[in-house]
file target-v3.cif (mmCIF, C-alpha atoms)
data_my_file
loop_
_atom_site.group_PDB
_atom_site.id
_atom_site.type_symbol
_atom_site.label_atom_id
_atom_site.label_comp_id
_atom_site.auth_asym_id
_atom_site.auth_seq_id
_atom_site.Cartn_x
_atom_site.Cartn_y
_atom_site.Cartn_z
ATOM 1 C CA MET A 1 50.228 37.696 30.862
ATOM 2 C CA GLU A 2 46.528 36.808 31.004
ATOM 3 C CA VAL A 3 45.296 34.396 33.674
ATOM 4 C CA GLU A 4 42.198 32.422 32.799
ATOM 5 C CA SER A 5 39.752 32.033 35.649
ATOM 6 C CA ALA A 6 37.923 28.768 36.424
ATOM 7 C CA SER A 7 34.632 30.392 35.484
ATOM 8 C CA SER A 8 35.548 31.279 31.898
ATOM 9 C CA VAL A 9 33.839 29.340 29.134
ATOM 10 C CA ASN A 10 34.458 28.910 25.444
ATOM 11 C CA LEU A 11 31.098 29.697 23.756
ATOM 12 C CA PRO A 12 30.495 29.456 20.030
ATOM 13 C CA SER A 13 29.749 32.812 18.529
ATOM 14 C CA SER A 14 28.410 33.926 15.188
ATOM 15 C CA SER A 15 31.738 35.463 14.181
ATOM 16 C CA ALA A 16 34.530 33.441 12.620
ATOM 17 C CA SER A 17 36.977 34.072 15.470
ATOM 18 C CA GLN A 18 36.533 32.303 18.801
ATOM 19 C CA THR A 19 37.025 34.503 21.856
ATOM 20 C CA LYS A 20 37.025 33.475 25.466
ATOM 21 C CA VAL A 21 34.198 34.948 27.457
ATOM 22 C CA SER A 22 33.697 34.858 31.182
ATOM 23 C CA ALA A 23 30.719 32.724 32.146
ATOM 24 C CA LEU A 24 29.533 35.473 34.477
ATOM 25 C CA SER A 25 29.695 38.393 32.046
ATOM 26 C CA LEU A 26 26.854 40.060 30.154
ATOM 27 C CA SER A 27 28.429 39.095 26.842
ATOM 28 C CA SER A 28 28.321 35.413 27.819
ATOM 29 C CA ILE A 29 24.626 35.675 28.680
ATOM 30 C CA ARG A 30 24.008 37.340 25.311
ATOM 31 C CA ALA A 31 26.031 34.610 23.561
ATOM 32 C CA LYS A 32 24.040 31.890 25.346
ATOM 33 C CA LYS A 33 20.756 33.514 24.272
ATOM 34 C CA GLU A 34 21.964 33.679 20.663
ATOM 35 C CA LEU A 35 22.955 30.028 20.804
ATOM 36 C CA MET A 36 19.541 29.040 22.233
ATOM 37 C CA GLU A 37 17.729 31.010 19.493
ATOM 38 C CA ALA A 38 19.877 29.355 16.826
ATOM 39 C CA GLN A 39 19.050 25.908 18.229
ATOM 40 C CA LYS A 40 15.302 26.665 18.240
ATOM 41 C CA GLY A 41 15.444 27.182 14.492
ATOM 42 C CA ILE A 42 16.817 23.687 13.923
ATOM 43 C CA VAL A 43 13.982 21.333 13.073
ATOM 44 C CA LYS A 44 14.634 17.694 13.821
ATOM 45 C CA PRO A 45 13.239 15.335 11.195
ATOM 46 C CA GLN A 46 10.242 13.298 12.329
ATOM 47 C CA GLU A 47 11.179 9.669 12.752
ATOM 48 C CA GLN A 48 8.896 7.332 10.871
ATOM 49 C CA LEU A 49 7.917 4.380 13.039
ATOM 50 C CA PRO A 50 7.346 1.051 11.297
ATOM 51 C CA THR A 51 3.793 -0.054 10.524
ATOM 52 C CA GLU A 52 4.238 -3.471 8.915
ATOM 53 C CA GLU A 53 1.289 -5.797 8.386
ATOM 54 C CA PHE A 54 0.929 -8.816 10.702
ATOM 55 C CA THR A 55 -1.491 -11.660 11.177
ATOM 56 C CA GLU A 56 -3.501 -12.709 14.208
ATOM 57 C CA THR A 57 -1.439 -15.920 14.376
ATOM 58 C CA LYS A 58 1.808 -13.929 14.558
ATOM 59 C CA MET A 59 0.308 -11.657 17.221
ATOM 60 C CA LEU A 60 -0.796 -14.689 19.261
ATOM 61 C CA GLU A 61 2.697 -16.178 18.962
ATOM 62 C CA PHE A 62 4.331 -13.096 20.478
ATOM 63 C CA TRP A 63 1.508 -12.705 23.018
ATOM 64 C CA PHE A 64 2.253 -16.172 24.417
ATOM 65 C CA LYS A 65 6.029 -15.657 24.199
ATOM 66 C CA TYR A 66 5.585 -12.561 26.362
ATOM 67 C CA ALA A 67 3.473 -14.594 28.811
ATOM 68 C CA GLN A 68 6.221 -17.227 28.968
ATOM 69 C CA ARG A 69 8.791 -14.497 29.576
ATOM 70 C CA LEU A 70 6.713 -13.262 32.525
ATOM 71 C CA ASN A 71 6.537 -16.819 33.838
ATOM 72 C CA ASP A 72 10.329 -17.123 33.612
ATOM 73 C CA LYS A 73 10.679 -13.900 35.614
ATOM 74 C CA GLY A 74 8.301 -15.220 38.277
ATOM 75 C CA HIS A 75 5.348 -12.947 37.476
ATOM 76 C CA MET A 76 2.798 -15.761 37.585
ATOM 77 C CA ILE A 77 -0.284 -13.588 38.153
ATOM 78 C CA MET A 78 0.287 -11.472 35.067
ATOM 79 C CA GLU A 79 1.201 -14.551 33.057
ATOM 80 C CA SER A 80 -2.095 -16.186 34.032
ATOM 81 C CA LEU A 81 -3.979 -12.999 33.063
ATOM 82 C CA LEU A 82 -2.448 -13.187 29.577
ATOM 83 C CA ARG A 83 -3.495 -16.830 29.224
ATOM 84 C CA ILE A 84 -7.105 -16.482 30.460
ATOM 85 C CA SER A 85 -8.436 -16.081 26.936
ATOM 86 C CA ASP A 86 -7.167 -15.450 23.432
ATOM 87 C CA PRO A 87 -7.005 -11.863 22.201
ATOM 88 C CA LYS A 88 -8.803 -11.023 18.966
ATOM 89 C CA LEU A 89 -7.288 -8.800 16.301
ATOM 90 C CA GLU A 90 -9.320 -6.105 14.557
ATOM 91 C CA GLY A 91 -7.038 -4.102 12.271
ATOM 92 C CA THR A 92 -4.234 -3.002 14.573
ATOM 93 C CA THR A 93 -6.390 -3.076 17.712
ATOM 94 C CA ILE A 94 -6.118 -6.099 19.978
ATOM 95 C CA ILE A 95 -9.387 -6.836 21.780
ATOM 96 C CA TYR A 96 -8.847 -8.717 25.042
ATOM 97 C CA GLU A 97 -11.565 -9.948 27.366
ATOM 98 C CA LEU A 98 -10.982 -10.355 31.092
ATOM 99 C CA PRO A 99 -13.351 -11.935 33.617
ATOM 100 C CA ASN A 100 -13.539 -9.083 36.147
ATOM 101 C CA GLU A 101 -12.584 -5.507 36.947
ATOM 102 C CA GLY A 102 -9.752 -6.553 39.292
ATOM 103 C CA SER A 103 -8.072 -8.459 36.482
ATOM 104 C CA LYS A 104 -8.427 -5.423 34.249
ATOM 105 C CA ILE A 105 -6.692 -3.197 36.824
ATOM 106 C CA ASP A 106 -3.776 -5.641 37.104
ATOM 107 C CA PHE A 107 -3.601 -5.965 33.328
ATOM 108 C CA GLU A 108 -3.552 -2.187 32.827
ATOM 109 C CA LYS A 109 -0.394 -1.969 34.986
ATOM 110 C CA GLU A 110 1.488 -4.311 32.648
ATOM 111 C CA LYS A 111 -0.094 -3.048 29.431
ATOM 112 C CA PRO A 112 2.635 -0.480 28.469
ATOM 113 C CA GLU A 113 5.372 -3.130 28.623
ATOM 114 C CA LEU A 114 3.243 -5.604 26.662
ATOM 115 C CA LEU A 115 2.479 -2.962 24.029
ATOM 116 C CA GLY A 116 6.162 -2.103 23.684
ATOM 117 C CA TYR A 117 7.050 -5.781 23.289
ATOM 118 C CA LEU A 118 4.359 -6.414 20.665
ATOM 119 C CA ARG A 119 5.096 -3.200 18.755
ATOM 120 C CA GLY A 120 8.792 -4.019 18.634
ATOM 121 C CA HIS A 121 8.472 -7.665 17.629
ATOM 122 C CA LEU A 122 5.617 -7.175 15.149
ATOM 123 C CA HIS A 123 7.238 -4.010 13.707
ATOM 124 C CA ASN A 124 4.015 -2.011 13.937
ATOM 125 C CA HIS A 125 3.677 1.003 16.225
ATOM 126 C CA ASP A 126 -0.022 1.493 15.499
ATOM 127 C CA ILE A 127 -0.934 -1.464 17.742
ATOM 128 C CA SER A 128 -3.286 -0.724 20.625
ATOM 129 C CA ILE A 129 -4.974 -2.944 23.196
ATOM 130 C CA GLU A 130 -8.607 -2.575 24.203
ATOM 131 C CA VAL A 131 -9.616 -4.416 27.379
ATOM 132 C CA ILE A 132 -13.206 -5.546 27.816
ATOM 133 C CA VAL A 133 -14.556 -6.902 31.097
ATOM 134 C CA ASN A 134 -16.885 -9.821 30.478
ATOM 135 C CA GLU A 135 -18.123 -11.540 33.632
ATOM 136 C CA SER A 136 -19.079 -14.654 31.647
ATOM 137 C CA VAL A 137 -15.541 -15.370 30.308
ATOM 138 C CA LYS A 138 -14.345 -18.830 31.313
ATOM 139 C CA SER A 139 -10.731 -19.834 31.436
ATOM 140 C CA LYS A 140 -9.606 -21.916 28.469
ATOM 141 C CA ILE A 141 -6.983 -24.123 30.070
ATOM 142 C CA ALA A 142 -6.142 -27.395 28.352
ATOM 143 C CA PHE A 143 -5.397 -30.259 30.736
ATOM 144 C CA THR A 144 -5.335 -33.433 28.649
ATOM 145 C CA PRO A 145 -3.446 -34.007 25.385
ATOM 146 C CA GLN A 146 -6.790 -34.065 23.529
ATOM 147 C CA ASP A 147 -7.729 -30.687 25.107
ATOM 148 C CA LYS A 148 -4.364 -29.275 24.081
ATOM 149 C CA PHE A 149 -4.785 -30.531 20.523
ATOM 150 C CA ASN A 150 -8.313 -29.113 20.299
ATOM 151 C CA ARG A 151 -7.068 -25.785 21.625
ATOM 152 C CA LEU A 152 -4.196 -25.621 19.106
ATOM 153 C CA ASN A 153 -6.531 -26.765 16.350
ATOM 154 C CA GLU A 154 -8.778 -23.758 17.113
ATOM 155 C CA ILE A 155 -5.799 -21.476 16.563
ATOM 156 C CA ASN A 156 -4.496 -23.291 13.476
ATOM 157 C CA PRO A 157 -6.921 -25.643 11.674
ATOM 158 C CA ASN A 158 -4.052 -27.074 9.587
ATOM 159 C CA LEU A 159 -3.129 -29.292 12.537
ATOM 160 C CA GLU A 160 -6.027 -31.606 11.690
ATOM 161 C CA GLU A 161 -4.521 -32.059 8.224
ATOM 162 C CA LEU A 162 -1.091 -32.847 9.727
ATOM 163 C CA LYS A 163 -2.668 -35.373 12.079
ATOM 164 C CA ARG A 164 -4.408 -37.081 9.155
ATOM 165 C CA VAL A 165 -1.390 -37.026 6.778
ATOM 166 C CA PHE A 166 1.056 -38.453 9.330
ATOM 167 C CA ASP A 167 -1.535 -40.738 10.943
ATOM 168 C CA LEU A 168 -0.813 -39.321 14.396
ATOM 169 C CA LEU A 169 -2.478 -40.489 17.589
ATOM 170 C CA LEU A 170 -3.180 -38.439 20.671
#
call {"tool": "encode", "arguments": {"input": "target-v3.cif", "output": "structure tokens"}}
result
Amino acid sequence: MEVESASSVNLPSSSASQTKVSALSLSSIRAKKELMEAQKGIVKPQEQLPTEEFTETKMLEFWFKYAQRLNDKGHMIMESLLRISDPKLEGTTIIYELPNEGSKIDFEKEKPELLGYLRGHLHNHDISIEVIVNESVKSKIAFTPQDKFNRLNEINPNLEELKRVFDLLL
């Protein structure tokens, strides 16, 4: 009667029959090496990441949704950094201007999460963000309803047409 020790292992071998081999024997080491060599030969297929087209308007929509998400989590400083100015889109590169080097350092900490969010929601993994420090950047915060309308009208000029068609007042 054969007693199986706690250190014996069932390793796949190249032969059709499966034999039990002690985990501490030379044959088990040889079998492990063969298994490792066999696995090296397996080539995993490269996963194609999506690279769908998107517009600057769509990018801005998700940019501000991400800022709102940060606000909801209580990360007010980062949220305010995202709202300082509007990013510009050049191909798949987002150009973002910040007012000083300190803001850039804080932004760089959050940049990987922002990139992941934008890449996922815009279905394009070629997106990159380039940060430019411009000491003359002024915050574009809208306080009055007219300021808010003017700001939104900059983003989407069709709002002026809607205002005219529906005879809306501010």
call {"tool": "atom_distance", "arguments": {"input": "target-v3.cif", "atom1": "atom CA of Phe107 of chain A", "atom2": "atom CA of Thr144 of chain A"}}
result
27.9 Å
call {"tool": "resolve_selection", "arguments": {"input": "target-v3.cif", "expression": "the PyMOL selection byres ((chain A and resi 97) around 10)", "output": "short mmCIF file (atom, residue, chain, number, x, y, z; two decimals) with C-alpha atoms, keeping the file's coordinate frame"}}
result
data_model
loop_
_atom_site.label_atom_id
_atom_site.label_comp_id
_atom_site.auth_asym_id
_atom_site.auth_seq_id
_atom_site.Cartn_x
_atom_site.Cartn_y
_atom_site.Cartn_z
CA LEU A 81 -3.98 -13.00 33.06
CA LEU A 82 -2.45 -13.19 29.58
CA ILE A 84 -7.10 -16.48 30.46
CA SER A 85 -8.44 -16.08 26.94
CA ASP A 86 -7.17 -15.45 23.43
CA PRO A 87 -7.00 -11.86 22.20
CA LYS A 88 -8.80 -11.02 18.97
CA ILE A 94 -6.12 -6.10 19.98
CA ILE A 95 -9.39 -6.84 21.78
CA TYR A 96 -8.85 -8.72 25.04
CA LEU A 98 -10.98 -10.36 31.09
CA PRO A 99 -13.35 -11.94 33.62
CA ASN A 100 -13.54 -9.08 36.15
CA SER A 103 -8.07 -8.46 36.48
CA LYS A 104 -8.43 -5.42 34.25
CA GLU A 130 -8.61 -2.58 24.20
CA VAL A 131 -9.62 -4.42 27.38
CA ILE A 132 -13.21 -5.55 27.82
CA VAL A 133 -14.56 -6.90 31.10
CA ASN A 134 -16.89 -9.82 30.48
CA GLU A 135 -18.12 -11.54 33.63
CA SER A 136 -19.08 -14.65 31.65
CA VAL A 137 -15.54 -15.37 30.31
#
call {"tool": "closest_residue", "arguments": {"input": "target-v3.cif", "among": "A:Lys58, A:Asn153, A:Tyr66, A:Pro145", "to": "Glu110 of chain A", "atoms": "all atoms listed in the file"}}
result
A:Tyr66
call {"tool": "atom_distance", "arguments": {"input": "target-v3.cif", "atom1": "atom CA of Lys109 of chain A", "atom2": "atom CA of Arg83 of chain A"}}
result
16.2 Å
call {"tool": "closest_residue", "arguments": {"input": "target-v3.cif", "among": "A:Asp106, A:Glu52, A:Asp147, A:Asp167", "to": "Arg119 of chain A", "atoms": "all atoms listed in the file"}}
result
A:Glu52
call {"tool": "residues_around", "arguments": {"input": "target-v3.cif", "residues": "Leu118 of chain A", "least_positions_apart": "4", "cutoff": "7 Å", "atoms": "all atoms listed in the file", "output": "mmCIF file with C-alpha atoms, in the frame of the given file"}}
result
data_model
loop_
_atom_site.group_PDB
_atom_site.id
_atom_site.type_symbol
_atom_site.label_atom_id
_atom_site.label_comp_id
_atom_site.auth_asym_id
_atom_site.auth_seq_id
_atom_site.Cartn_x
_atom_site.Cartn_y
_atom_site.Cartn_z
ATOM 1 C CA PHE A 62 4.331 -13.096 20.478
ATOM 2 C CA LEU A 114 3.243 -5.604 26.662
ATOM 3 C CA LEU A 122 5.617 -7.175 15.149
#
call {"tool": "atom_distance", "arguments": {"input": "target-v3.cif", "atom1": "atom CA of Glu61 of chain A", "atom2": "atom CA of Leu49 of chain A"}}
result
22.0 Å
call {"tool": "residues_around", "arguments": {"input": "target-v3.cif", "residues": "Ile127 of chain A", "least_positions_apart": "6", "cutoff": "10 Å", "atoms": "all atoms listed in the file", "output": "JSON, numbers by chain"}}
result
{"A": [51, 89, 91, 92, 93, 94, 115, 116, 118, 119]}
call {"tool": "closest_residue", "arguments": {"input": "target-v3.cif", "among": "A:Glu90, A:Leu159, A:Arg151, A:Glu113", "to": "Met59 of chain A", "atoms": "only C-alpha atoms"}}
result
A:Glu90
call {"tool": "decode", "arguments": {"input": "target-v3.cif", "residues": "segment 45-76 of chain A", "atoms": "N, CA, C and O atoms", "output": "mmCIF file, in the first residue's frame"}}
result
data_model
loop_
_atom_site.group_PDB
_atom_site.id
_atom_site.type_symbol
_atom_site.label_atom_id
_atom_site.label_comp_id
_atom_site.auth_asym_id
_atom_site.auth_seq_id
_atom_site.Cartn_x
_atom_site.Cartn_y
_atom_site.Cartn_z
ATOM 1 N N PRO A 45 -2.419 36.827 -27.555
ATOM 2 C CA PRO A 45 -2.763 37.807 -28.600
ATOM 3 C C PRO A 45 -2.798 39.225 -28.019
ATOM 4 O O PRO A 45 -3.263 39.424 -26.910
ATOM 5 N N GLN A 46 -2.297 40.174 -28.793
ATOM 6 C CA GLN A 46 -2.306 41.570 -28.360
ATOM 7 C C GLN A 46 -3.744 42.060 -28.373
ATOM 8 O O GLN A 46 -4.473 41.873 -29.343
ATOM 9 N N GLU A 47 -4.140 42.695 -27.297
ATOM 10 C CA GLU A 47 -5.489 43.228 -27.196
ATOM 11 C C GLU A 47 -5.527 44.589 -27.879
ATOM 12 O O GLU A 47 -4.711 45.458 -27.590
ATOM 13 N N GLN A 48 -6.458 44.755 -28.772
ATOM 14 C CA GLN A 48 -6.603 46.024 -29.463
ATOM 15 C C GLN A 48 -7.467 46.950 -28.615
ATOM 16 O O GLN A 48 -8.608 46.642 -28.312
ATOM 17 N N LEU A 49 -6.905 48.091 -28.227
ATOM 18 C CA LEU A 49 -7.651 49.055 -27.439
ATOM 19 C C LEU A 49 -8.423 49.971 -28.374
ATOM 20 O O LEU A 49 -7.944 50.315 -29.452
ATOM 21 N N PRO A 50 -9.624 50.395 -27.965
ATOM 22 C CA PRO A 50 -10.440 51.216 -28.852
ATOM 23 C C PRO A 50 -9.828 52.593 -29.102
ATOM 24 O O PRO A 50 -9.187 53.166 -28.236
ATOM 25 N N THR A 51 -10.025 53.082 -30.319
ATOM 26 C CA THR A 51 -9.554 54.421 -30.691
ATOM 27 C C THR A 51 -10.636 55.125 -31.509
ATOM 28 O O THR A 51 -10.403 55.531 -32.639
ATOM 29 N N GLU A 52 -11.819 55.259 -30.913
ATOM 30 C CA GLU A 52 -12.934 55.901 -31.611
ATOM 31 C C GLU A 52 -12.723 57.412 -31.673
ATOM 32 O O GLU A 52 -12.097 58.001 -30.804
ATOM 33 N N GLU A 53 -13.292 58.020 -32.703
ATOM 34 C CA GLU A 53 -13.247 59.469 -32.862
ATOM 35 C C GLU A 53 -14.149 60.120 -31.815
ATOM 36 O O GLU A 53 -15.158 59.544 -31.413
ATOM 37 N N PHE A 54 -13.802 61.340 -31.383
ATOM 38 C CA PHE A 54 -14.644 62.105 -30.474
ATOM 39 C C PHE A 54 -14.430 63.581 -30.737
ATOM 40 O O PHE A 54 -13.440 63.982 -31.325
ATOM 41 N N THR A 55 -15.395 64.367 -30.305
ATOM 42 C CA THR A 55 -15.336 65.805 -30.543
ATOM 43 C C THR A 55 -14.865 66.525 -29.287
ATOM 44 O O THR A 55 -14.867 65.959 -28.191
ATOM 45 N N GLU A 56 -14.496 67.786 -29.462
ATOM 46 C CA GLU A 56 -14.075 68.593 -28.315
ATOM 47 C C GLU A 56 -15.245 68.795 -27.348
ATOM 48 O O GLU A 56 -15.061 68.787 -26.136
ATOM 49 N N THR A 57 -16.456 68.922 -27.880
ATOM 50 C CA THR A 57 -17.641 69.091 -27.040
ATOM 51 C C THR A 57 -17.850 67.870 -26.154
ATOM 52 O O THR A 57 -18.132 68.001 -24.959
ATOM 53 N N LYS A 58 -17.698 66.684 -26.733
ATOM 54 C CA LYS A 58 -17.860 65.439 -25.966
ATOM 55 C C LYS A 58 -16.768 65.332 -24.901
ATOM 56 O O LYS A 58 -17.026 64.932 -23.771
ATOM 57 N N MET A 59 -15.552 65.714 -25.268
ATOM 58 C CA MET A 59 -14.443 65.685 -24.302
ATOM 59 C C MET A 59 -14.720 66.641 -23.159
ATOM 60 O O MET A 59 -14.531 66.296 -21.994
ATOM 61 N N LEU A 60 -15.199 67.850 -23.474
ATOM 62 C CA LEU A 60 -15.523 68.834 -22.432
ATOM 63 C C LEU A 60 -16.632 68.323 -21.519
ATOM 64 O O LEU A 60 -16.591 68.533 -20.304
ATOM 65 N N GLU A 61 -17.608 67.637 -22.084
ATOM 66 C CA GLU A 61 -18.707 67.081 -21.293
ATOM 67 C C GLU A 61 -18.167 66.111 -20.234
ATOM 68 O O GLU A 61 -18.517 66.214 -19.054
ATOM 69 N N PHE A 62 -17.309 65.198 -20.645
ATOM 70 C CA PHE A 62 -16.771 64.230 -19.684
ATOM 71 C C PHE A 62 -15.747 64.869 -18.749
ATOM 72 O O PHE A 62 -15.583 64.436 -17.614
ATOM 73 N N TRP A 63 -15.052 65.889 -19.227
ATOM 74 C CA TRP A 63 -14.104 66.625 -18.374
ATOM 75 C C TRP A 63 -14.848 67.218 -17.179
ATOM 76 O O TRP A 63 -14.440 67.078 -16.029
ATOM 77 N N PHE A 64 -15.982 67.883 -17.458
ATOM 78 C CA PHE A 64 -16.748 68.525 -16.391
ATOM 79 C C PHE A 64 -17.516 67.514 -15.547
ATOM 80 O O PHE A 64 -17.752 67.748 -14.360
ATOM 81 N N LYS A 65 -17.906 66.384 -16.126
ATOM 82 C CA LYS A 65 -18.523 65.320 -15.322
ATOM 83 C C LYS A 65 -17.510 64.768 -14.323
ATOM 84 O O LYS A 65 -17.852 64.469 -13.173
ATOM 85 N N TYR A 66 -16.265 64.636 -14.754
ATOM 86 C CA TYR A 66 -15.217 64.154 -13.848
ATOM 87 C C TYR A 66 -14.990 65.179 -12.734
ATOM 88 O O TYR A 66 -14.827 64.811 -11.573
ATOM 89 N N ALA A 67 -14.999 66.467 -13.086
ATOM 90 C CA ALA A 67 -14.837 67.516 -12.076
ATOM 91 C C ALA A 67 -15.979 67.462 -11.067
ATOM 92 O O ALA A 67 -15.750 67.587 -9.848
ATOM 93 N N GLN A 68 -17.198 67.233 -11.548
ATOM 94 C CA GLN A 68 -18.345 67.134 -10.640
ATOM 95 C C GLN A 68 -18.211 65.911 -9.739
ATOM 96 O O GLN A 68 -18.551 65.959 -8.557
ATOM 97 N N ARG A 69 -17.700 64.830 -10.292
ATOM 98 C CA ARG A 69 -17.485 63.615 -9.499
ATOM 99 C C ARG A 69 -16.483 63.874 -8.373
ATOM 100 O O ARG A 69 -16.667 63.404 -7.254
ATOM 101 N N LEU A 70 -15.427 64.640 -8.678
ATOM 102 C CA LEU A 70 -14.455 65.004 -7.648
ATOM 103 C C LEU A 70 -15.104 65.878 -6.575
ATOM 104 O O LEU A 70 -14.831 65.717 -5.382
ATOM 105 N N ASN A 71 -15.970 66.787 -6.998
ATOM 106 C CA ASN A 71 -16.682 67.636 -6.060
ATOM 107 C C ASN A 71 -17.546 66.789 -5.128
ATOM 108 O O ASN A 71 -17.581 67.018 -3.923
ATOM 109 N N ASP A 72 -18.246 65.807 -5.689
ATOM 110 C CA ASP A 72 -19.098 64.930 -4.893
ATOM 111 C C ASP A 72 -18.296 64.130 -3.878
ATOM 112 O O ASP A 72 -18.795 63.813 -2.794
ATOM 113 N N LYS A 73 -17.050 63.803 -4.214
ATOM 114 C CA LYS A 73 -16.187 63.055 -3.304
ATOM 115 C C LYS A 73 -15.531 63.960 -2.258
ATOM 116 O O LYS A 73 -14.887 63.481 -1.347
ATOM 117 N N GLY A 74 -15.640 65.279 -2.456
ATOM 118 C CA GLY A 74 -15.045 66.215 -1.514
ATOM 119 C C GLY A 74 -13.655 66.682 -1.891
ATOM 120 O O GLY A 74 -12.970 67.302 -1.097
ATOM 121 N N HIS A 75 -13.217 66.416 -3.108
ATOM 122 C CA HIS A 75 -11.902 66.845 -3.576
ATOM 123 C C HIS A 75 -12.043 68.197 -4.283
ATOM 124 O O HIS A 75 -11.916 68.309 -5.505
ATOM 125 N N MET A 76 -12.294 69.230 -3.487
ATOM 126 C CA MET A 76 -12.613 70.548 -4.035
ATOM 127 C C MET A 76 -11.426 71.195 -4.747
ATOM 128 O O MET A 76 -11.612 71.898 -5.739
#
